[in-house]
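> Sharing a structure, written as structure tokens. Questions coming.
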Amino acid sequence: MQYIPNTEADRQKMLADIGAASVEDLFADIPAFLRLTRELDLPPALSEMELVGHMTALAQAPPTCFLGGGCYDHFIPAVVDALVSRSEFYTAYTPYQPEISQGTLTAIYEFQTMIAELTGLDAANASMYDGASALAEAAVMAVRKTGRTRVAVAESVHPEYRRVLATYLAPRRVELVQLPYEGGITAAAAVDGTAAVLVQQPNFFGCLEDVGQLAGLARAAGALFIVSCDPVSLAVLKPPGAYGADIACGEGQSLGLPMSFGGPGLGFLAVRESLVRHLPGRMAGATVDNRGRRAFVLTMQAREQHIRREKAGSNICSNHALCALAATVHLSALGPAGLARVASLCAAKAAYASAAVNGVPGFRAAFAAPFFKEFVVKSDYPWEKVRCGLSRHNLAAGPELSRFYPELAGHFLVAVTEKRTRAEIDRLKTALREVASC
């Protein structure tokens, strides 16, 4: 927010009205060990004009982004911001009254249609909060559908997704089984008695899983097969519905949303027809009005605020409608051929980058498995030295993986989207050569 009109007197009156002595009192419920107790070492305050100048200078040379791990630097056509910035969209709320919400409902319906087409499944809901909550909700659907109380998840699934999954399943007393990875992909494992097998394609390491084999294991055990996928990859890879997935979900940030320091994201969730009644959130549908004209409504709202809690599919109470609109505009602007071109460029440039990194002493691709747009690099040098070396060339890569996988100390991710140029990838190679020579 660029301008906050509250004066000091306004702030004091608001504090008095709620019975707080100071702004600090507003944070009293946060445990002390989680709060910042030291003074921040900040420079003296700047005037508005000086601050704008300072921030503009910083923004003129942002690091070239090779960051991966679930949030990616894709190109966003200007039409996306132009449409999502229209007031009828960014001020709209829940479309409970279809007679005055046809635009919003139409956009939701188109989003659902595109996600269903991308994933090769029968239906999708109006969107989720992010990829992590979408995966967790998919697991809950499987538990409810099968009546079983065990879920198997591959360790090659995004570590933060697995943490959210564990949080969702713990109060439901569902056992969470971790399937180990070998060479960057999921090792075959027994899944008898499980409600679902959860994998990621491409996985957190960027590797492409043998999803057909894993789907067969799940099916043999009577479990649902759930795949968290990169939507851009679906333009060139076989869709989840084609290799046996019952549920497909994922993070849609790659579709028209900026990285924005990590959010907001966009979760998508698609299912086979037999699971439609278990979908969380809401679903828009097409119908006709009393004059026979095409119209859109909220077809399903199995949310606890609409029906009895014990019969609700989830306590998810909203969706990221504006982010879903951005994804819809993005997909519409690119079209099937454009999205396939983006995916092909990602794959080709990532392959070039991997070969470049492998040519630097002390750096090599960690896994032999095929990959899509990111890969793991094993370094013989401390991460801090690598990070500083990249920074000197105004480059950013990572994250370093020991924070998630202690056994992968010295490993880090490199992601390459369609935005990266040959010159930028060559600069990455030069920076790593300097690290190796120091």
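Naming scheme: A, B, ... for chains in displayed order of the structure tokens; residues 1 onward per chain; ligands 1 onward as shown.
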Skip Leu298 of chain A itself and residues of its chain fewer than 4 positions away, then list as an mmCIF file with N, CA and C atoms, in the first residue's frame all residues within 12 Å of it, counting only C-alpha atoms.


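Saved to result.cif:
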```cif
data_model
loop_
_atom_site.group_PDB
_atom_site.id
_atom_site.type_symbol
_atom_site.label_atom_id
_atom_site.label_comp_id
_atom_site.auth_asym_id
_atom_site.auth_seq_id
_atom_site.Cartn_x
_atom_site.Cartn_y
_atom_site.Cartn_z
ATOM 1 N N THR A 94 -17.626 -13.432 -3.473
ATOM 2 C CA THR A 94 -18.247 -14.717 -3.767
ATOM 3 C C THR A 94 -19.514 -14.539 -4.598
ATOM 4 N N PRO A 95 -19.621 -15.273 -5.710
ATOM 5 C CA PRO A 95 -20.773 -15.108 -6.613
ATOM 6 C C PRO A 95 -22.013 -15.863 -6.154
ATOM 7 N N TYR A 96 -22.520 -15.496 -4.969
ATOM 8 C CA TYR A 96 -23.706 -16.176 -4.446
ATOM 9 C C TYR A 96 -24.959 -15.834 -5.249
ATOM 10 N N GLN A 97 -24.997 -14.653 -5.850
ATOM 11 C CA GLN A 97 -26.172 -14.238 -6.617
ATOM 12 C C GLN A 97 -25.840 -14.324 -8.100
ATOM 13 N N PRO A 98 -26.190 -15.429 -8.730
ATOM 14 C CA PRO A 98 -25.775 -15.629 -10.118
ATOM 15 C C PRO A 98 -26.316 -14.566 -11.069
ATOM 16 N N GLU A 99 -27.468 -14.008 -10.756
ATOM 17 C CA GLU A 99 -28.050 -13.033 -11.674
ATOM 18 C C GLU A 99 -27.199 -11.781 -11.815
ATOM 19 N N SER A 101 -23.717 -12.034 -11.091
ATOM 20 C CA SER A 101 -22.334 -12.519 -11.032
ATOM 21 C C SER A 101 -21.959 -13.344 -12.253
ATOM 22 N N GLN A 102 -22.606 -13.098 -13.380
ATOM 23 C CA GLN A 102 -22.368 -13.929 -14.556
ATOM 24 C C GLN A 102 -20.931 -13.839 -15.054
ATOM 25 N N THR A 104 -18.129 -13.273 -13.274
ATOM 26 C CA THR A 104 -17.259 -14.056 -12.394
ATOM 27 C C THR A 104 -17.480 -15.548 -12.579
ATOM 28 N N LEU A 105 -18.745 -15.953 -12.662
ATOM 29 C CA LEU A 105 -19.055 -17.371 -12.838
ATOM 30 C C LEU A 105 -18.560 -17.894 -14.181
ATOM 31 N N THR A 106 -18.654 -17.070 -15.211
ATOM 32 C CA THR A 106 -18.138 -17.469 -16.523
ATOM 33 C C THR A 106 -16.641 -17.704 -16.453
ATOM 34 N N ILE A 108 -14.830 -18.470 -13.820
ATOM 35 C CA ILE A 108 -14.573 -19.688 -13.048
ATOM 36 C C ILE A 108 -14.818 -20.924 -13.902
ATOM 37 N N TYR A 109 -15.927 -20.912 -14.641
ATOM 38 C CA TYR A 109 -16.274 -22.057 -15.495
ATOM 39 C C TYR A 109 -15.186 -22.297 -16.539
ATOM 40 N N ASN A 125 -12.474 -28.092 -9.718
ATOM 41 C CA ASN A 125 -13.209 -27.123 -8.911
ATOM 42 C C ASN A 125 -12.736 -25.708 -9.228
ATOM 43 N N ALA A 126 -13.253 -24.741 -8.470
ATOM 44 C CA ALA A 126 -13.043 -23.330 -8.799
ATOM 45 C C ALA A 126 -11.667 -22.817 -8.409
ATOM 46 N N GLY A 281 -14.514 -27.124 -1.670
ATOM 47 C CA GLY A 281 -14.766 -25.791 -2.223
ATOM 48 C C GLY A 281 -16.022 -25.738 -3.042
ATOM 49 N N ARG A 282 -15.935 -25.117 -4.196
ATOM 50 C CA ARG A 282 -17.107 -24.908 -5.028
ATOM 51 C C ARG A 282 -16.813 -25.227 -6.480
ATOM 52 N N MET A 283 -17.885 -25.386 -7.250
ATOM 53 C CA MET A 283 -17.782 -25.656 -8.676
ATOM 54 C C MET A 283 -18.852 -24.874 -9.406
ATOM 55 N N ALA A 284 -18.463 -24.182 -10.467
ATOM 56 C CA ALA A 284 -19.417 -23.464 -11.303
ATOM 57 C C ALA A 284 -19.864 -24.368 -12.436
ATOM 58 N N GLY A 285 -21.130 -24.250 -12.808
ATOM 59 C CA GLY A 285 -21.676 -25.061 -13.887
ATOM 60 C C GLY A 285 -22.460 -24.220 -14.864
ATOM 61 N N ALA A 286 -22.694 -24.776 -16.057
ATOM 62 C CA ALA A 286 -23.460 -24.093 -17.099
ATOM 63 C C ALA A 286 -24.889 -24.609 -17.116
ATOM 64 N N THR A 287 -25.833 -23.716 -17.350
ATOM 65 C CA THR A 287 -27.248 -24.071 -17.430
ATOM 66 C C THR A 287 -27.931 -23.095 -18.384
ATOM 67 N N ALA A 302 -20.062 -27.916 -1.532
ATOM 68 C CA ALA A 302 -20.026 -28.854 -0.404
ATOM 69 C C ALA A 302 -19.115 -28.317 0.684
#
```

> Among segment 70-220 of chain A, which residues does DSSP mark as alpha helix (DSSP H) when it is run on the backbone? Keep the chain and numbering as in the structure and answer as a PyMOL selection string.

chain A and resi 78-84+87-90+102-119+131-146+159-169+211-220

> Could you check the closest approach to Tyr168 of chain A for each of A:Leu322, A:Leu339, A:Ser133, A:Ala396 and tell me which residue wins, using only C-alpha atoms?

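Of the candidates, the smallest distance to Tyr168 of chain A is held by A:Ser133.
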
> Tell me which protein, DNA and RNA residues are within 9 Å of segment 192-208 of chain A, counting only C-alpha atoms, leaving out same-chain ones fewer than 2 positions away, and put them as a PyMOL selection string.

chain A and resi 68-70+135+139+142-159+184-186+190+210-211+214-215+217-218+220-230+233+240+250+367-376+413+415

> Considering only C-alpha atoms, return as a PDB file with N, CA and C atoms, in the first residue's frame whatever protein or nucleic-acid residues lie within 9 Å of segment 272-278 of chain A, sequence-local ones (same chain, fewer than 2 positions apart) excluded.


```pdb
ATOM      1  N   LEU A 121      -8.712 -34.986 -17.079  1.00  0.00           N
ATOM      2  CA  LEU A 121      -9.710 -35.529 -16.152  1.00  0.00           C
ATOM      3  C   LEU A 121     -11.077 -34.911 -16.430  1.00  0.00           C
ATOM      4  N   ASP A 122     -12.079 -35.370 -15.688  1.00  0.00           N
ATOM      5  CA  ASP A 122     -13.466 -35.035 -16.034  1.00  0.00           C
ATOM      6  C   ASP A 122     -13.946 -33.700 -15.499  1.00  0.00           C
ATOM      7  N   ALA A 123     -13.454 -33.290 -14.345  1.00  0.00           N
ATOM      8  CA  ALA A 123     -13.982 -32.070 -13.728  1.00  0.00           C
ATOM      9  C   ALA A 123     -12.930 -31.445 -12.832  1.00  0.00           C
ATOM     10  N   ALA A 124     -13.053 -30.133 -12.634  1.00  0.00           N
ATOM     11  CA  ALA A 124     -12.159 -29.407 -11.730  1.00  0.00           C
ATOM     12  C   ALA A 124     -12.997 -28.452 -10.901  1.00  0.00           C
ATOM     13  N   ASN A 125     -12.474 -28.092  -9.718  1.00  0.00           N
ATOM     14  CA  ASN A 125     -13.209 -27.123  -8.911  1.00  0.00           C
ATOM     15  C   ASN A 125     -12.736 -25.708  -9.228  1.00  0.00           C
ATOM     16  N   MET A 141      -9.781 -36.293   0.343  1.00  0.00           N
ATOM     17  CA  MET A 141     -10.806 -36.877  -0.520  1.00  0.00           C
ATOM     18  C   MET A 141     -10.646 -38.389  -0.616  1.00  0.00           C
ATOM     19  N   ALA A 142      -9.401 -38.843  -0.787  1.00  0.00           N
ATOM     20  CA  ALA A 142      -9.144 -40.273  -0.927  1.00  0.00           C
ATOM     21  C   ALA A 142      -9.497 -41.030   0.347  1.00  0.00           C
ATOM     22  N   ARG A 144     -11.697 -40.149   2.567  1.00  0.00           N
ATOM     23  CA  ARG A 144     -13.164 -40.162   2.683  1.00  0.00           C
ATOM     24  C   ARG A 144     -13.788 -41.146   1.701  1.00  0.00           C
ATOM     25  N   LYS A 145     -13.239 -41.215   0.494  1.00  0.00           N
ATOM     26  CA  LYS A 145     -13.795 -42.099  -0.531  1.00  0.00           C
ATOM     27  C   LYS A 145     -13.566 -43.567  -0.211  1.00  0.00           C
ATOM     28  N   GLY A 241      -4.596 -37.855 -16.319  1.00  0.00           N
ATOM     29  CA  GLY A 241      -5.730 -38.719 -16.607  1.00  0.00           C
ATOM     30  C   GLY A 241      -5.398 -39.832 -17.579  1.00  0.00           C
ATOM     31  N   ALA A 245      -4.175 -41.488 -13.243  1.00  0.00           N
ATOM     32  CA  ALA A 245      -4.411 -40.674 -12.050  1.00  0.00           C
ATOM     33  C   ALA A 245      -5.913 -40.524 -11.803  1.00  0.00           C
ATOM     34  N   ASP A 246      -6.292 -40.638 -10.550  1.00  0.00           N
ATOM     35  CA  ASP A 246      -7.678 -40.380 -10.158  1.00  0.00           C
ATOM     36  C   ASP A 246      -7.890 -38.915  -9.820  1.00  0.00           C
ATOM     37  N   ILE A 247      -6.844 -38.277  -9.301  1.00  0.00           N
ATOM     38  CA  ILE A 247      -6.888 -36.868  -8.932  1.00  0.00           C
ATOM     39  C   ILE A 247      -5.592 -36.220  -9.392  1.00  0.00           C
ATOM     40  N   ALA A 270      -8.325 -31.388  -9.997  1.00  0.00           N
ATOM     41  CA  ALA A 270      -9.199 -32.022 -10.985  1.00  0.00           C
ATOM     42  C   ALA A 270      -9.365 -33.503 -10.642  1.00  0.00           C
ATOM     43  N   PRO A 280     -13.604 -30.487  -2.721  1.00  0.00           N
ATOM     44  CA  PRO A 280     -13.727 -29.390  -1.749  1.00  0.00           C
ATOM     45  C   PRO A 280     -14.060 -28.076  -2.452  1.00  0.00           C
ATOM     46  N   MET A 300     -22.131 -26.718  -7.278  1.00  0.00           N
ATOM     47  CA  MET A 300     -21.855 -27.498  -6.071  1.00  0.00           C
ATOM     48  C   MET A 300     -21.091 -26.653  -5.065  1.00  0.00           C
ATOM     49  N   ALA A 302     -20.062 -27.916  -1.532  1.00  0.00           N
ATOM     50  CA  ALA A 302     -20.026 -28.854  -0.404  1.00  0.00           C
ATOM     51  C   ALA A 302     -19.115 -28.317   0.684  1.00  0.00           C
ATOM     52  N   ALA A 312     -19.758 -31.973   5.130  1.00  0.00           N
ATOM     53  CA  ALA A 312     -19.002 -31.097   4.241  1.00  0.00           C
ATOM     54  C   ALA A 312     -17.775 -31.819   3.692  1.00  0.00           C
ATOM     55  N   GLY A 313     -17.431 -31.503   2.452  1.00  0.00           N
ATOM     56  CA  GLY A 313     -16.251 -32.095   1.855  1.00  0.00           C
ATOM     57  C   GLY A 313     -14.971 -31.532   2.433  1.00  0.00           C
ATOM     58  N   SER A 314     -15.025 -30.296   2.925  1.00  0.00           N
ATOM     59  CA  SER A 314     -13.827 -29.630   3.428  1.00  0.00           C
ATOM     60  C   SER A 314     -14.252 -28.388   4.178  1.00  0.00           C
TER      61      SER A 314
END
```

> Rank A:His74, A:Lys429, A:His330, A:His54 by their smallest atom-to-atom distance to Leu390 of chain A, using only C-alpha atoms, and report the top residue only.

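Ranked by minimum distance to Leu390 of chain A, first place goes to A:Lys429.
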
> Could you tell me how far atom CA of Lys385 of chain A lies from atom CA of Val360 of chain A, in Å and to one decimal?

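These atoms are spaced 15.3 Å apart.
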
> Could you give me, as a PyMOL selection string, the residues within 7 Å of Ser379 of chain A, counting only C-alpha atoms and dropping anything in the same chain fewer than 6 positions from it?

chain A and resi 362-364+410-411

> Using only C-alpha atoms, determine which residues lie at most 10 Å from Phe404 of chain A, disregarding the query and same-chain residues fewer than 3 positions distant; provide the list as a PDB file with C-alpha atoms, in the first residue's frame.


```pdb
ATOM      1  CA  HIS A 158       7.798 -30.941  -2.429  1.00  0.00           C
ATOM      2  CA  PRO A 159       8.874 -31.039   1.275  1.00  0.00           C
ATOM      3  CA  GLU A 160       6.611 -28.109   2.206  1.00  0.00           C
ATOM      4  CA  PRO A 399      17.251 -23.407  -2.925  1.00  0.00           C
ATOM      5  CA  GLU A 400      20.069 -25.399  -1.351  1.00  0.00           C
ATOM      6  CA  LEU A 401      18.581 -28.772  -0.451  1.00  0.00           C
ATOM      7  CA  GLU A 407      21.707 -36.156   2.985  1.00  0.00           C
ATOM      8  CA  LEU A 408      21.780 -33.679   0.076  1.00  0.00           C
ATOM      9  CA  ALA A 409      24.116 -31.124   1.621  1.00  0.00           C
TER      10      ALA A 409
END
```
